[in-house]
file final_30.cif (mmCIF, C-alpha atoms and all ligand atoms)
data_start
loop_
_atom_site.label_atom_id
_atom_site.label_comp_id
_atom_site.auth_asym_id
_atom_site.auth_seq_id
_atom_site.Cartn_x
_atom_site.Cartn_y
_atom_site.Cartn_z
CA MET A 177 0.00 0.00 0.00
CA LEU A 178 1.21 3.47 -0.85
CA LEU A 179 -1.43 5.75 0.57
CA GLY A 180 -3.74 5.25 3.53
CA VAL A 181 -6.74 7.53 3.84
CA ILE A 182 -8.79 8.12 6.98
CA ALA A 183 -12.11 9.69 5.98
CA ASP A 184 -14.53 11.16 8.51
CA ASP A 185 -17.63 10.11 6.62
CA LEU A 186 -18.70 7.66 4.01
CA THR A 187 -19.54 9.88 1.06
CA GLY A 188 -16.33 11.83 1.66
CA ALA A 189 -14.45 8.55 1.54
CA THR A 190 -16.06 7.62 -1.76
CA ASP A 191 -15.22 11.06 -3.11
CA VAL A 192 -11.50 10.75 -2.32
CA ALA A 193 -11.45 7.12 -3.50
CA LEU A 194 -12.82 8.29 -6.85
CA MET A 195 -10.18 11.04 -7.04
CA LEU A 196 -7.38 8.51 -6.48
CA ALA A 197 -8.88 5.98 -8.91
CA ARG A 198 -9.12 8.68 -11.59
CA GLU A 199 -5.43 9.40 -11.04
CA GLY A 200 -4.57 5.76 -11.69
CA MET A 201 -4.44 4.09 -8.29
CA ARG A 202 -6.09 0.78 -7.43
CA VAL A 203 -8.36 1.83 -4.58
CA VAL A 204 -10.49 -0.09 -2.09
CA GLN A 205 -12.74 1.56 0.44
CA THR A 206 -13.54 -0.12 3.73
CA VAL A 207 -16.50 0.82 5.89
CA GLY A 208 -15.85 1.34 9.58
CA VAL A 209 -12.77 1.35 11.76
CA PRO A 210 -10.59 -1.70 11.01
CA GLN A 211 -10.68 -4.19 13.86
CA HIS A 212 -7.38 -5.08 15.52
CA GLY A 213 -5.71 -7.96 13.71
CA VAL A 214 -8.00 -7.88 10.65
CA ALA A 215 -5.94 -7.56 7.45
CA LEU A 216 -6.78 -4.63 5.17
CA PRO A 217 -7.34 -5.40 1.47
CA LYS A 218 -4.40 -5.12 -0.93
CA ALA A 219 -4.43 -1.99 -3.10
CA ASP A 220 -2.35 1.08 -3.93
CA ALA A 221 -4.63 3.11 -1.71
CA VAL A 222 -7.01 2.00 1.01
CA VAL A 223 -9.63 4.45 2.15
CA VAL A 224 -11.01 3.74 5.61
CA SER A 225 -14.36 5.41 5.99
CA MET A 226 -15.69 6.20 9.41
CA LYS A 227 -18.74 8.00 10.69
CA SER A 228 -16.85 10.30 13.00
CA ARG A 229 -17.63 13.78 11.74
CA THR A 230 -20.15 14.66 14.41
CA ASN A 231 -19.19 12.23 17.18
CA PRO A 232 -17.57 13.41 20.42
CA ALA A 233 -14.01 14.51 19.62
CA ASP A 234 -12.31 11.90 21.83
CA GLU A 235 -14.19 9.12 20.00
CA ALA A 236 -13.22 10.55 16.60
CA VAL A 237 -9.59 10.79 17.74
CA ALA A 238 -9.50 7.21 19.06
CA TRP A 239 -11.01 5.78 15.85
CA SER A 240 -8.72 7.84 13.64
CA LEU A 241 -5.61 6.67 15.49
CA GLN A 242 -6.82 3.06 15.24
CA ALA A 243 -7.37 3.48 11.50
CA CYS A 244 -3.96 5.15 11.17
CA ASP A 245 -2.24 2.23 12.93
CA ALA A 246 -4.03 -0.32 10.73
CA LEU A 247 -3.04 1.55 7.56
CA ARG A 248 0.57 2.01 8.65
CA HIS A 249 0.72 -1.65 9.68
CA ALA A 250 -0.48 -2.59 6.17
CA GLY A 251 2.38 -0.56 4.70
CA ALA A 252 0.94 2.89 4.00
CA ARG A 253 3.80 5.31 3.33
CA GLN A 254 1.63 8.38 3.66
CA ILE A 255 -1.58 9.14 5.58
CA LEU A 256 -4.30 11.51 4.44
CA PHE A 257 -7.00 12.64 6.86
CA LYS A 258 -9.97 13.48 4.62
CA TYR A 259 -12.85 15.73 5.67
CA CYS A 260 -15.55 17.66 3.90
CA SER A 261 -14.82 20.31 1.29
CA THR A 262 -17.04 22.65 3.30
CA PHE A 263 -14.93 21.97 6.44
CA ASP A 264 -17.95 20.53 8.29
CA SER A 265 -17.11 20.78 11.99
CA THR A 266 -17.99 22.58 15.21
CA ASP A 267 -15.84 24.50 17.69
CA GLN A 268 -15.38 21.18 19.54
CA GLY A 269 -13.99 19.50 16.43
CA ASN A 270 -13.46 17.15 14.94
CA ILE A 271 -11.01 18.37 12.30
CA GLY A 272 -8.68 20.11 14.77
CA PRO A 273 -8.52 17.40 17.46
CA VAL A 274 -8.02 14.58 14.94
CA THR A 275 -5.33 16.49 13.00
CA GLU A 276 -3.47 17.35 16.19
CA ALA A 277 -3.66 13.76 17.47
CA LEU A 278 -2.42 12.34 14.15
CA MET A 279 0.47 14.84 14.09
CA ARG A 280 1.60 13.76 17.56
CA HIS A 281 1.02 10.07 16.80
CA LEU A 282 3.06 10.20 13.61
CA GLY A 283 5.60 12.66 15.01
CA VAL A 284 5.20 15.27 12.27
CA ALA A 285 6.05 18.95 12.82
CA TRP A 286 3.88 20.42 10.07
CA THR A 287 0.90 19.53 8.02
CA VAL A 288 -1.66 21.12 5.76
CA ALA A 289 -5.37 21.83 6.07
CA CYS A 290 -6.95 22.45 2.68
CA PRO A 291 -10.56 21.53 1.85
CA ALA A 292 -10.45 23.09 -1.65
CA PHE A 293 -12.22 21.19 -4.45
CA PRO A 294 -12.40 23.71 -7.31
CA GLU A 295 -14.21 21.30 -9.63
CA ASN A 296 -17.10 21.42 -7.14
CA GLY A 297 -16.85 25.15 -6.49
CA ARG A 298 -14.91 24.96 -3.22
CA SER A 299 -11.88 27.24 -3.21
CA VAL A 300 -9.69 28.70 -0.48
CA TYR A 301 -8.26 32.20 -0.84
CA GLN A 302 -6.42 34.09 1.93
CA GLY A 303 -7.62 31.33 4.23
CA HIS A 304 -11.29 31.98 3.47
CA LEU A 305 -13.38 29.14 2.10
CA PHE A 306 -15.69 29.94 -0.80
CA VAL A 307 -18.61 27.84 -2.01
CA GLY A 308 -19.11 28.96 -5.58
CA ASP A 309 -19.02 32.75 -5.44
CA SER A 310 -20.12 32.97 -1.78
CA LEU A 311 -18.11 32.90 1.39
CA LEU A 312 -18.78 29.69 3.34
CA SER A 313 -20.56 31.76 6.00
CA ASP A 314 -23.02 33.10 3.39
CA SER A 315 -23.55 29.70 1.73
CA PRO A 316 -26.34 27.25 2.57
CA MET A 317 -23.82 25.59 4.93
CA LYS A 318 -24.74 28.22 7.51
CA ASP A 319 -27.97 26.25 8.02
CA HIS A 320 -26.55 22.73 8.07
CA PRO A 321 -28.52 20.60 10.57
CA LEU A 322 -25.42 19.18 12.31
CA THR A 323 -22.46 21.43 11.50
CA PRO A 324 -23.65 24.96 10.67
CA MET A 325 -20.63 26.87 9.25
CA ARG A 326 -20.89 30.57 10.09
CA ASP A 327 -17.22 31.65 9.83
CA SER A 328 -15.40 31.43 6.50
CA SER A 329 -11.90 32.02 7.94
CA LEU A 330 -10.45 28.53 8.20
CA VAL A 331 -7.51 29.80 10.24
CA ARG A 332 -9.99 31.09 12.84
CA VAL A 333 -12.24 28.03 12.65
CA LEU A 334 -9.35 25.60 13.05
CA ALA A 335 -7.63 27.66 15.77
CA ARG A 336 -10.77 27.29 17.89
CA GLN A 337 -10.52 23.50 17.57
CA THR A 338 -6.86 22.85 18.39
CA SER A 339 -4.02 23.91 20.67
CA VAL A 340 -1.51 23.63 17.77
CA PRO A 341 -0.68 26.99 16.13
CA VAL A 342 -2.57 27.53 12.88
CA GLY A 343 -1.05 29.68 10.12
CA LEU A 344 -1.72 30.51 6.49
CA VAL A 345 0.17 29.45 3.38
CA PRO A 346 -1.33 32.00 1.01
CA TYR A 347 -1.96 31.90 -2.71
CA GLN A 348 1.04 34.19 -3.31
CA THR A 349 3.26 31.34 -2.04
CA VAL A 350 1.38 28.40 -3.56
CA SER A 351 1.50 30.10 -6.96
CA LYS A 352 5.33 30.07 -6.77
CA GLY A 353 5.37 26.25 -6.82
CA ALA A 354 6.14 23.22 -4.68
CA VAL A 355 9.56 24.27 -3.38
CA ALA A 356 8.39 27.66 -2.10
CA THR A 357 5.25 26.06 -0.67
CA ARG A 358 7.17 23.39 1.22
CA ALA A 359 9.52 26.06 2.59
CA ALA A 360 6.52 28.06 3.85
CA PHE A 361 5.21 25.04 5.78
CA GLU A 362 8.66 24.41 7.24
CA ALA A 363 8.89 28.07 8.29
CA LEU A 364 5.48 27.83 9.99
CA ALA A 365 6.74 24.96 12.12
CA GLN A 366 10.05 26.54 13.17
CA THR A 367 8.90 26.98 16.75
CA GLY A 368 6.99 23.72 17.05
CA ARG A 369 4.11 21.76 15.53
CA ALA A 370 1.93 23.83 13.25
CA ILE A 371 -0.92 23.42 10.80
CA GLY A 372 -0.89 25.52 7.63
CA VAL A 373 -4.21 26.38 6.02
CA ALA A 374 -3.28 26.45 2.33
CA ASP A 375 -4.94 28.49 -0.38
CA ALA A 376 -5.98 26.66 -3.55
CA ILE A 377 -8.26 28.00 -6.26
CA SER A 378 -7.44 25.59 -9.08
CA ASN A 379 -6.40 21.99 -9.67
CA GLN A 380 -2.93 23.30 -10.47
CA ASP A 381 -2.67 24.71 -6.93
CA LEU A 382 -3.72 21.33 -5.55
CA ARG A 383 -1.07 19.58 -7.63
CA VAL A 384 1.54 22.02 -6.25
CA LEU A 385 0.43 21.18 -2.70
CA GLY A 386 0.59 17.46 -3.51
CA GLU A 387 4.13 17.83 -4.78
CA ALA A 388 5.13 19.94 -1.76
CA PHE A 389 4.03 17.04 0.44
CA ASP A 390 6.01 14.37 -1.45
CA GLY A 391 7.47 12.10 1.24
CA GLN A 392 5.65 13.87 4.09
CA LEU A 393 3.84 11.48 6.38
CA LEU A 394 0.59 13.41 6.95
CA LEU A 395 -1.78 15.61 4.99
CA THR A 396 -5.31 16.75 5.78
CA GLY A 397 -7.94 18.15 3.47
CA GLY A 398 -10.82 17.56 1.11
CA SER A 399 -10.58 15.07 -1.73
CA GLY A 400 -8.83 17.75 -3.82
CA ILE A 401 -5.69 17.55 -1.72
CA ALA A 402 -5.27 13.96 -2.98
CA LEU A 403 -5.07 15.11 -6.60
CA GLY A 404 -1.30 15.49 -6.77
CA LEU A 405 -0.33 12.53 -4.58
CA PRO A 406 -0.46 9.67 -7.14
CA ASP A 407 2.01 11.57 -9.34
CA ASN A 408 4.53 11.58 -6.48
CA PHE A 409 4.34 7.79 -6.37
CA ARG A 410 4.43 7.60 -10.18
CA ARG A 411 7.58 9.74 -10.31
CA ALA A 412 9.15 7.36 -7.77
CA GLY A 413 8.34 4.39 -10.05
CA LEU A 414 5.81 2.97 -7.56
CA LEU A 415 2.77 3.32 -9.85
CA PRO A 416 2.45 2.29 -13.49
CA ALA A 417 2.75 5.12 -16.01
CA THR A 418 -0.58 4.26 -17.66
CA ARG A 419 -3.93 4.56 -15.89
CA GLN A 420 -6.19 1.53 -15.91
CA ILE A 421 -9.99 1.60 -16.22
CA HIS A 422 -11.86 -1.25 -14.54
CA ALA A 423 -15.16 -2.65 -15.85
CA PHE A 424 -18.27 -2.02 -13.74
CA HIS A 425 -21.37 -4.23 -13.78
CA ALA A 426 -24.29 -3.21 -11.58
CA PRO A 427 -26.48 -6.15 -10.50
CA GLU A 428 -29.88 -6.34 -12.22
CA GLY A 429 -32.78 -5.41 -9.97
CA ASN A 430 -35.07 -2.67 -8.73
CA THR A 431 -34.00 0.89 -8.05
CA ALA A 432 -34.62 3.21 -5.10
CA VAL A 433 -33.46 6.55 -3.77
CA LEU A 434 -33.22 7.44 -0.08
CA ALA A 435 -32.67 11.12 0.74
CA GLY A 436 -31.86 12.16 4.31
CA SER A 437 -29.94 15.27 3.36
CA CYS A 438 -31.49 18.72 3.77
CA SER A 439 -28.70 20.47 1.87
CA ALA A 440 -29.60 22.91 -0.87
CA ALA A 441 -28.46 20.65 -3.74
CA THR A 442 -30.44 17.69 -2.42
CA ARG A 443 -33.54 19.84 -1.95
CA GLY A 444 -33.32 20.75 -5.63
CA GLN A 445 -32.70 17.14 -6.65
CA VAL A 446 -35.67 15.85 -4.67
CA ALA A 447 -37.93 18.51 -6.21
CA HIS A 448 -36.63 17.57 -9.66
CA ALA A 449 -37.20 13.85 -9.05
CA ILE A 450 -40.77 14.49 -7.81
CA ALA A 451 -41.45 16.47 -10.97
CA HIS A 452 -40.06 13.64 -13.07
CA CYS A 453 -42.44 10.95 -12.01
CA VAL A 454 -40.58 8.83 -9.56
CA GLU A 455 -42.84 7.35 -6.86
CA THR A 456 -42.28 9.40 -3.72
CA PHE A 457 -42.81 8.93 0.00
CA ALA A 458 -42.23 11.96 2.28
CA LEU A 459 -41.13 11.12 5.80
CA ASP A 460 -42.54 13.19 8.63
CA PRO A 461 -40.16 13.53 11.62
CA LEU A 462 -43.04 14.25 14.02
CA SER A 463 -44.81 11.02 13.02
CA ILE A 464 -41.55 9.09 13.27
CA ALA A 465 -40.98 10.46 16.79
CA SER A 466 -44.49 9.54 17.90
CA GLY A 467 -44.17 6.05 16.44
CA GLN A 468 -46.90 6.63 13.86
CA GLN A 469 -44.50 6.32 10.92
CA LYS A 470 -42.27 3.26 10.96
CA ALA A 471 -39.94 1.60 8.48
CA GLU A 472 -42.55 -1.10 7.92
CA ASP A 473 -45.08 1.54 6.78
CA VAL A 474 -42.62 2.85 4.21
CA LEU A 475 -41.86 -0.67 3.01
CA ALA A 476 -45.56 -1.57 2.74
CA TRP A 477 -45.95 1.49 0.50
CA ALA A 478 -42.81 0.72 -1.52
CA ARG A 479 -43.05 -3.03 -2.19
CA PRO A 480 -45.95 -2.95 -4.66
CA ARG A 481 -44.37 -0.01 -6.49
CA LEU A 482 -40.93 -1.51 -7.04
CA GLY A 483 -39.90 -2.19 -10.58
CA ALA A 484 -42.09 0.15 -12.59
CA LYS A 485 -40.41 3.40 -11.57
CA PRO A 486 -37.67 4.26 -9.08
CA VAL A 487 -39.06 4.88 -5.59
CA LEU A 488 -37.87 7.90 -3.62
CA VAL A 489 -38.16 8.07 0.17
CA TYR A 490 -37.09 11.41 1.63
CA SER A 491 -36.95 13.41 4.84
CA THR A 492 -35.43 16.35 2.97
CA ALA A 493 -36.93 19.59 4.24
CA GLU A 494 -36.37 23.35 4.21
CA PRO A 495 -34.17 24.92 6.95
CA ASP A 496 -37.16 26.30 8.92
CA ALA A 497 -38.80 22.89 9.09
CA VAL A 498 -35.52 21.26 10.15
CA ARG A 499 -35.07 23.86 12.89
CA ALA A 500 -38.58 23.26 14.19
CA VAL A 501 -37.92 19.51 14.44
CA GLN A 502 -34.56 20.10 16.12
CA ASP A 503 -36.06 22.54 18.63
CA GLN A 504 -38.49 19.86 19.67
CA PHE A 505 -36.29 16.74 19.69
CA GLY A 506 -32.70 18.04 19.78
CA ARG A 507 -30.29 18.10 16.87
CA ASP A 508 -28.64 14.74 17.43
CA HIS A 509 -31.79 12.83 18.33
CA SER A 510 -33.66 14.16 15.27
CA GLY A 511 -30.80 13.11 13.02
CA GLN A 512 -30.39 9.68 14.55
CA MET A 513 -34.07 8.81 14.47
CA ILE A 514 -34.34 9.62 10.76
CA GLU A 515 -31.06 7.88 9.95
CA ALA A 516 -32.21 4.75 11.84
CA LEU A 517 -35.48 4.68 9.92
CA LEU A 518 -33.79 5.12 6.54
CA GLY A 519 -31.29 2.37 7.45
CA ALA A 520 -34.14 -0.03 8.21
CA VAL A 521 -35.91 0.99 4.99
CA ALA A 522 -32.73 0.25 3.02
CA VAL A 523 -32.50 -3.24 4.51
CA GLY A 524 -36.17 -3.93 3.71
CA LEU A 525 -35.84 -2.60 0.16
CA HIS A 526 -32.78 -4.75 -0.48
CA GLU A 527 -34.67 -7.80 0.78
CA ALA A 528 -37.49 -6.82 -1.59
CA GLY A 529 -35.15 -6.88 -4.58
CA VAL A 530 -33.64 -3.39 -4.74
CA SER A 531 -30.10 -3.82 -6.00
CA ARG A 532 -29.45 -0.27 -7.25
CA LEU A 533 -29.67 2.22 -4.44
CA LEU A 534 -28.92 5.93 -4.36
CA VAL A 535 -28.48 7.64 -1.00
CA ALA A 536 -28.30 11.40 -0.46
CA GLY A 537 -26.53 12.66 2.64
CA GLY A 538 -23.19 11.85 4.24
CA GLU A 539 -24.47 10.81 7.66
CA THR A 540 -27.45 9.17 6.03
CA SER A 541 -25.21 7.12 3.72
CA GLY A 542 -23.16 6.00 6.72
CA ALA A 543 -26.30 4.83 8.47
CA VAL A 544 -27.61 3.03 5.37
CA VAL A 545 -24.40 1.20 4.53
CA THR A 546 -23.94 0.16 8.16
CA ALA A 547 -27.53 -1.13 8.32
CA LEU A 548 -26.98 -3.07 5.08
CA GLY A 549 -23.84 -4.61 6.59
CA VAL A 550 -21.66 -3.61 3.64
CA SER A 551 -18.03 -3.51 4.76
CA MET A 552 -16.13 -2.89 1.52
CA LEU A 553 -16.79 -0.91 -1.65
CA GLU A 554 -15.29 -1.07 -5.10
CA ILE A 555 -15.20 2.28 -6.89
CA GLY A 556 -16.99 2.52 -10.25
CA PRO A 557 -17.75 5.23 -12.80
CA GLU A 558 -18.18 8.89 -11.87
CA ILE A 559 -21.73 10.27 -11.91
CA ASP A 560 -20.86 13.85 -10.98
CA PRO A 561 -17.66 15.31 -9.51
CA GLY A 562 -16.99 13.51 -6.23
CA VAL A 563 -19.73 10.88 -6.62
CA PRO A 564 -19.11 7.49 -8.23
CA TRP A 565 -21.26 4.41 -8.47
CA THR A 566 -19.84 1.78 -6.14
CA LEU A 567 -20.33 -1.96 -5.77
CA ALA A 568 -20.48 -3.81 -2.48
CA ALA A 569 -17.27 -5.85 -2.59
CA ASP A 570 -18.05 -8.33 0.15
CA GLY A 571 -20.57 -10.68 -1.39
CA LYS A 572 -23.70 -8.49 -1.15
CA SER A 573 -25.28 -7.93 -4.53
CA ILE A 574 -25.93 -4.19 -4.53
CA ALA A 575 -24.71 -1.10 -6.38
CA LEU A 576 -24.70 2.05 -4.28
CA ALA A 577 -24.35 5.71 -5.21
CA LEU A 578 -23.60 7.60 -1.99
CA LYS A 579 -23.96 11.32 -2.45
CA SER A 580 -22.74 14.00 -0.12
CA GLY A 581 -25.74 16.31 0.38
CA ASN A 582 -24.46 19.29 -1.55
CA PHE A 583 -23.00 17.40 -4.50
CA GLY A 584 -24.49 16.68 -7.89
CA THR A 585 -26.50 18.46 -10.56
CA VAL A 586 -30.24 18.95 -10.18
CA ASP A 587 -31.04 15.84 -12.28
CA PHE A 588 -28.57 13.70 -10.31
CA PHE A 589 -30.99 10.89 -9.39
CA THR A 590 -32.37 10.28 -12.86
CA LYS A 591 -28.96 10.73 -14.47
CA ALA A 592 -27.30 8.24 -12.12
CA LEU A 593 -29.93 5.57 -12.74
CA ALA A 594 -29.86 6.13 -16.50
CA MET A 595 -26.10 5.61 -16.46
CA LEU A 596 -26.58 2.02 -15.31
CA GLU A 597 -29.09 1.32 -18.08
CA THR A 598 -26.55 2.28 -20.72
CA ALA A 599 -23.54 0.65 -18.97
P1 LIG B 601 -25.59 16.20 4.22
O1 LIG B 601 -24.65 15.35 3.41
O2 LIG B 601 -26.47 17.08 3.41
O3 LIG B 601 -24.88 16.92 5.33
P2 LIG B 601 -26.41 14.26 6.16
O4 LIG B 601 -27.13 12.99 5.91
O5 LIG B 601 -24.93 14.17 6.47
O6 LIG B 601 -26.64 15.20 4.91
O7 LIG B 601 -27.04 15.07 7.37
C1 LIG B 601 -28.37 15.40 7.44
C2 LIG B 601 -28.86 15.15 8.86
O8 LIG B 601 -30.13 15.77 9.01
C3 LIG B 601 -29.05 13.66 9.14
O9 LIG B 601 -28.65 13.36 10.46
C4 LIG B 601 -30.56 13.49 8.95
O10 LIG B 601 -31.09 12.39 9.67
C5 LIG B 601 -31.06 14.81 9.49
N1 LIG B 601 -32.37 15.15 8.91
C6 LIG B 601 -32.87 14.75 7.73
N2 LIG B 601 -34.09 15.24 7.51
C7 LIG B 601 -34.38 15.98 8.58
C8 LIG B 601 -35.53 16.74 8.96
N3 LIG B 601 -36.60 16.84 8.15
N4 LIG B 601 -35.51 17.37 10.16
C9 LIG B 601 -34.42 17.27 10.98
N5 LIG B 601 -33.31 16.58 10.69
C10 LIG B 601 -33.28 15.93 9.49
#
call {"tool": "encode", "arguments": {"input": "final_30.cif", "output": "structure tokens"}}
result
Amino acid sequence: MLLGVIADDLTGATDVALMLAREGMRVVQTVGVPQHGVALPKADAVVVSMKSRTNPADEAVAWSLQACDALRHAGARQILFKYCSTFDSTDQGNIGPVTEALMRHLGVAWTVACPAFPENGRSVYQGHLFVGDSLLSDSPMKDHPLTPMRDSSLVRVLARQTSVPVGLVPYQTVSKGAVATRAAFEALAQTGRAIGVADAISNQDLRVLGEAFDGQLLLTGGSGIALGLPDNFRRAGLLPATRQIHAFHAPEGNTAVLAGSCSAATRGQVAHAIAHCVETFALDPLSIASGQQKAEDVLAWARPRLGAKPVLVYSTAEPDAVRAVQDQFGRDHSGQMIEALLGAVAVGLHEAGVSRLLVAGGETSGAVVTALGVSMLEIGPEIDPGVPWTLAADGKSIALALKSGNFGTVDFFTKALAMLETA
């Protein structure tokens, strides 16, 4: 293994796995923290996906260190801690605490924090994160149900989460190339461990950062930060010069979409799907809480409809509605109760013959894949930037498209399903 990736959620893991596969690495993604003594699969890169983004920081740290040890034990020469391109976190963490713990664990003096993913409109300039043409704090991320982002200065955000000094490696330096960039990180760490928030507004900047980190043990960032890493291994003769494309065959069967994301892109995609004649079932958090709406009710509705058209089950709602639910039941409890229901629905749908399943939402995807008992994913073709089709690689016959809430074009659901028809 060349590269070991620790990803703080499932869709983020799939996103970075796709990035590495596109750059010519053989990639396998595992679901959950590797158990002690269990061998990791053989590949150029192994992406360990956790569901640690919104857990208590000490839990996220413990899991990340366990994943790091498993990856290093399996031979990883470099570790990447992958988080969301919108820096999803709270003042308690978990990006800061996990980065700091990995730095100490691996004994590194400096590392990078860069969530930029220009292809998906996420860029970092003077340490401020932009989503499209808006500052992060003006973007829909300000209303995220679990990690509302109301400060676009990543230096400030990260400094609140860690005791390690946080500095900036600005665009003016990154634009000078890998040597100048590496020197800037080294300078940051002259008085001790330090994290450098790096600017990146294009793929070229990300490739510069990748090159600057050639041979460095630890990086942190969005999937974009992985862009330049395979070339380092290729230059060292550790990866073949030509990139290989693997065949992808989705199992025949019924199709379904589960949406537990309330992000702006998913809201648009659900509205588009409703307008385009998929069969839809709207979940009602109040009825779920009172026990009036159960997974079995959803399944009783879905079973007779399977086959003719895709079925869509969604809890997706506007920010005001989400806030009202959270005020009544608490943020975490609201999320968990909906995730648990969608997980149970996924299991029932699979038993009823659904073998092509789209899931919208990072936390939601984690809950669904865990409920299905899928422990390993093979990465397939790209649907939209950051979102591939995947295949369960552990004997279960199911193709999964796991979409981070804010990713994908408005016709994502129909487009993804059509792709399998023509494959
Ligand atoms: P995203 O990728 O958009 O962040 P996630 O699935 O990670 O989506 O997070 C959305 C969270 O919001 C989940 O915990 C989900 O259960 C919760 N949620 C979904 N629908 C509602 C709703 N109508 N009211 C309150 N919380 C909701």
call {"tool": "closest_residue", "arguments": {"input": "final_30.cif", "among": "A:Asp220, A:Asp184, A:Glu494, A:Asp508", "to": "Ser240 (chain A)", "atoms": "all atoms listed in the file"}}
result
A:Asp184
call {"tool": "closest_residue", "arguments": {"input": "final_30.cif", "among": "A:Thr287, A:Gln366, A:Thr566, A:Thr442", "to": "ligand LIG 601 (chain B)", "atoms": "only C-alpha atoms and all ligand atoms"}}
result
A:Thr442
call {"tool": "closest_atom_pairs", "arguments": {"input": "final_30.cif", "of": "chain A", "to": "ligand LIG 601 (chain B)", "cutoff": "6 Å", "atoms": "only C-alpha atoms and all ligand atoms", "output": "Markdown table"}}
result
| residue | atom | partner | partner_atom | distance |
| --- | --- | --- | --- | --- |
| A:Pro321 | CA | B:LIG601 | O8 | 5.3 |
| A:Gly436 | CA | B:LIG601 | C6 | 4.4 |
| A:Ser437 | CA | B:LIG601 | O6 | 3.6 |
| A:Cys438 | CA | B:LIG601 | O2 | 5.3 |
| A:Ser439 | CA | B:LIG601 | O2 | 4.3 |
| A:Pro461 | CA | B:LIG601 | N3 | 6.0 |
| A:Ser491 | CA | B:LIG601 | N2 | 4.3 |
| A:Thr492 | CA | B:LIG601 | N2 | 4.9 |
| A:Ala493 | CA | B:LIG601 | N3 | 4.8 |
| A:Val498 | CA | B:LIG601 | N4 | 3.9 |
| A:Val501 | CA | B:LIG601 | N4 | 5.4 |
| A:Gln502 | CA | B:LIG601 | C9 | 5.9 |
| A:Ser510 | CA | B:LIG601 | N5 | 5.2 |
| A:Gly511 | CA | B:LIG601 | O9 | 3.4 |
| A:Gln512 | CA | B:LIG601 | O10 | 5.6 |
| A:Ile514 | CA | B:LIG601 | O10 | 4.4 |
| A:Glu515 | CA | B:LIG601 | O10 | 4.5 |
| A:Gly537 | CA | B:LIG601 | O4 | 3.3 |
| A:Gly538 | CA | B:LIG601 | O5 | 3.7 |
| A:Glu539 | CA | B:LIG601 | O5 | 3.6 |
| A:Thr540 | CA | B:LIG601 | O4 | 3.8 |
| A:Ser580 | CA | B:LIG601 | O1 | 4.2 |
| A:Gly581 | CA | B:LIG601 | O2 | 3.2 |
| A:Asn582 | CA | B:LIG601 | O2 | 5.8 |
call {"tool": "write_last_selection", "arguments": {"input": "final_30.cif", "atoms": "C-alpha atoms", "output": "PDB file, in the frame of the given file"}}
result
ATOM      1  CA  PRO A 321     -28.520  20.600  10.570  1.00  0.00           C
ATOM      2  CA  GLY A 436     -31.860  12.160   4.310  1.00  0.00           C
ATOM      3  CA  SER A 437     -29.940  15.270   3.360  1.00  0.00           C
ATOM      4  CA  CYS A 438     -31.490  18.720   3.770  1.00  0.00           C
ATOM      5  CA  SER A 439     -28.700  20.470   1.870  1.00  0.00           C
ATOM      6  CA  PRO A 461     -40.160  13.530  11.620  1.00  0.00           C
ATOM      7  CA  SER A 491     -36.950  13.410   4.840  1.00  0.00           C
ATOM      8  CA  THR A 492     -35.430  16.350   2.970  1.00  0.00           C
ATOM      9  CA  ALA A 493     -36.930  19.590   4.240  1.00  0.00           C
ATOM     10  CA  VAL A 498     -35.520  21.260  10.150  1.00  0.00           C
ATOM     11  CA  VAL A 501     -37.920  19.510  14.440  1.00  0.00           C
ATOM     12  CA  GLN A 502     -34.560  20.100  16.120  1.00  0.00           C
ATOM     13  CA  SER A 510     -33.660  14.160  15.270  1.00  0.00           C
ATOM     14  CA  GLY A 511     -30.800  13.110  13.020  1.00  0.00           C
ATOM     15  CA  GLN A 512     -30.390   9.680  14.550  1.00  0.00           C
ATOM     16  CA  ILE A 514     -34.340   9.620  10.760  1.00  0.00           C
ATOM     17  CA  GLU A 515     -31.060   7.880   9.950  1.00  0.00           C
ATOM     18  CA  GLY A 537     -26.530  12.660   2.640  1.00  0.00           C
ATOM     19  CA  GLY A 538     -23.190  11.850   4.240  1.00  0.00           C
ATOM     20  CA  GLU A 539     -24.470  10.810   7.660  1.00  0.00           C
ATOM     21  CA  THR A 540     -27.450   9.170   6.030  1.00  0.00           C
ATOM     22  CA  SER A 580     -22.740  14.000  -0.120  1.00  0.00           C
ATOM     23  CA  GLY A 581     -25.740  16.310   0.380  1.00  0.00           C
ATOM     24  CA  ASN A 582     -24.460  19.290  -1.550  1.00  0.00           C
TER      25      ASN A 582
END
call {"tool": "residues_near_point", "arguments": {"input": "final_30.cif", "point": "(-9.8, 26.6, 5.0)", "cutoff": "9 Å", "atoms": "only C-alpha atoms", "output": "PyMOL selection string"}}
result
chain A and resi 261-263+289-292+299-306+328-331+333-334+373-375+397
call {"tool": "residues_around", "arguments": {"input": "final_30.cif", "residues": "Thr585 (chain A)", "least_positions_apart": "2", "cutoff": "10 Å", "atoms": "all atoms listed in the file", "output": "NGL selection string"}}
result
:A and (441-442 or 444-445 or 559-561 or 582-583 or 587-589 or 591)
call {"tool": "write_last_selection", "arguments": {"input": "final_30.cif", "atoms": "C-alpha atoms", "output": "tab-separated table (two decimals), in the coordinates of the input"}}
result
chain	number	residue	atom	x	y	z
A	441	ALA	CA	-28.46	20.65	-3.74
A	442	THR	CA	-30.44	17.69	-2.42
A	444	GLY	CA	-33.32	20.75	-5.63
A	445	GLN	CA	-32.70	17.14	-6.65
A	559	ILE	CA	-21.73	10.27	-11.91
A	560	ASP	CA	-20.86	13.85	-10.98
A	561	PRO	CA	-17.66	15.31	-9.51
A	582	ASN	CA	-24.46	19.29	-1.55
A	583	PHE	CA	-23.00	17.40	-4.50
A	587	ASP	CA	-31.04	15.84	-12.28
A	588	PHE	CA	-28.57	13.70	-10.31
A	589	PHE	CA	-30.99	10.89	-9.39
A	591	LYS	CA	-28.96	10.73	-14.47
